[in-house]
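Undergrad: Structure below; questions to follow.
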Amino acid sequence: MKKGIVKFFNETKGFGFIKDKESDNEYFVHVSGLVDQINENDEVTFELKEGKKGLNAVEVKLI
């Protein structure tokens, strides 16, 4: 499990980005990859899964 902070999330469009705490990389997150509802600046844990355009955050849960 990786840890990160929600940098941006648009509820209307159902996607956003999470910034990894360790690497500072940013990962795309889609509403289908959420376990909990998230908002900007929330601390979360997540897994990475290969998507169409690179790695996506999935199994996203609030800490």
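Identifiers in the structure tokens: chain A, B, ... in order shown; residue index from 1 per chain; ligand index from 1 in order shown.
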Give me, as a ChimeraX atom specification, all polymer residues having an atom no more than 9 Å from A:Lys2, counting only C-alpha atoms and skipping those fewer than 2 positions away in the same chain.

TA: /A:4,20-22,44-48

Undergrad: Output the selection as an mmCIF file, in the first residue's frame - C-alpha atoms for each residue.

TA:
```cif
data_model
loop_
_atom_site.group_PDB
_atom_site.id
_atom_site.type_symbol
_atom_site.label_atom_id
_atom_site.label_comp_id
_atom_site.auth_asym_id
_atom_site.auth_seq_id
_atom_site.Cartn_x
_atom_site.Cartn_y
_atom_site.Cartn_z
ATOM 1 C CA GLY A 4 -0.471 9.910 -0.671
ATOM 2 C CA ASP A 20 2.604 9.854 -3.714
ATOM 3 C CA LYS A 21 4.247 10.838 -0.399
ATOM 4 C CA GLU A 22 7.443 8.852 -1.048
ATOM 5 C CA VAL A 44 -5.172 8.161 1.469
ATOM 6 C CA THR A 45 -3.674 4.731 0.884
ATOM 7 C CA PHE A 46 -3.778 3.206 -2.578
ATOM 8 C CA GLU A 47 -2.477 0.515 -4.915
ATOM 9 C CA LEU A 48 -1.228 1.041 -8.475
#
```

Undergrad: Return as a count of residues only the full set of residues in chain A whose backbone-based DSSP assignment is strand (DSSP E).

TA: 38

Undergrad: Write out as a PyMOL selection string the residues lying within 6 Å of A:Phe28, counting only C-alpha atoms and excluding same-chain residues fewer than 3 positions away.

TA: chain A and resi 16-17+56

Undergrad: Produce a file of the selected residues containing C-alpha atoms, as a JSON list (two decimals), in the first residue's frame.

TA:
```
[["chain", "number", "residue", "atom", "x", "y", "z"],
["A", 16, "GLY", "CA", -8.56, 13.40, -10.02],
["A", 17, "PHE", "CA", -4.92, 12.99, -9.02],
["A", 56, "ASN", "CA", -3.62, 4.53, -12.02]]
```

Undergrad: Rank A:Glu40, A:His30, A:Val35, A:Ser23 by their smallest atom-to-atom distance to A:Phe9, using only C-alpha atoms, and report the top residue only.

TA: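 Smallest separation from A:Phe9 among the options: A:Glu40.
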
Undergrad: How many Å separate atom CA of A:Gln37 from atom CA of A:Glu50?

TA: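 These atoms are spaced 21.8 Å apart.
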
Undergrad: Which is closest to A:Phe8 among A:Tyr27, A:Asp36, A:Lys61, A:Lys52, if we use only C-alpha atoms?

TA: A:Tyr27
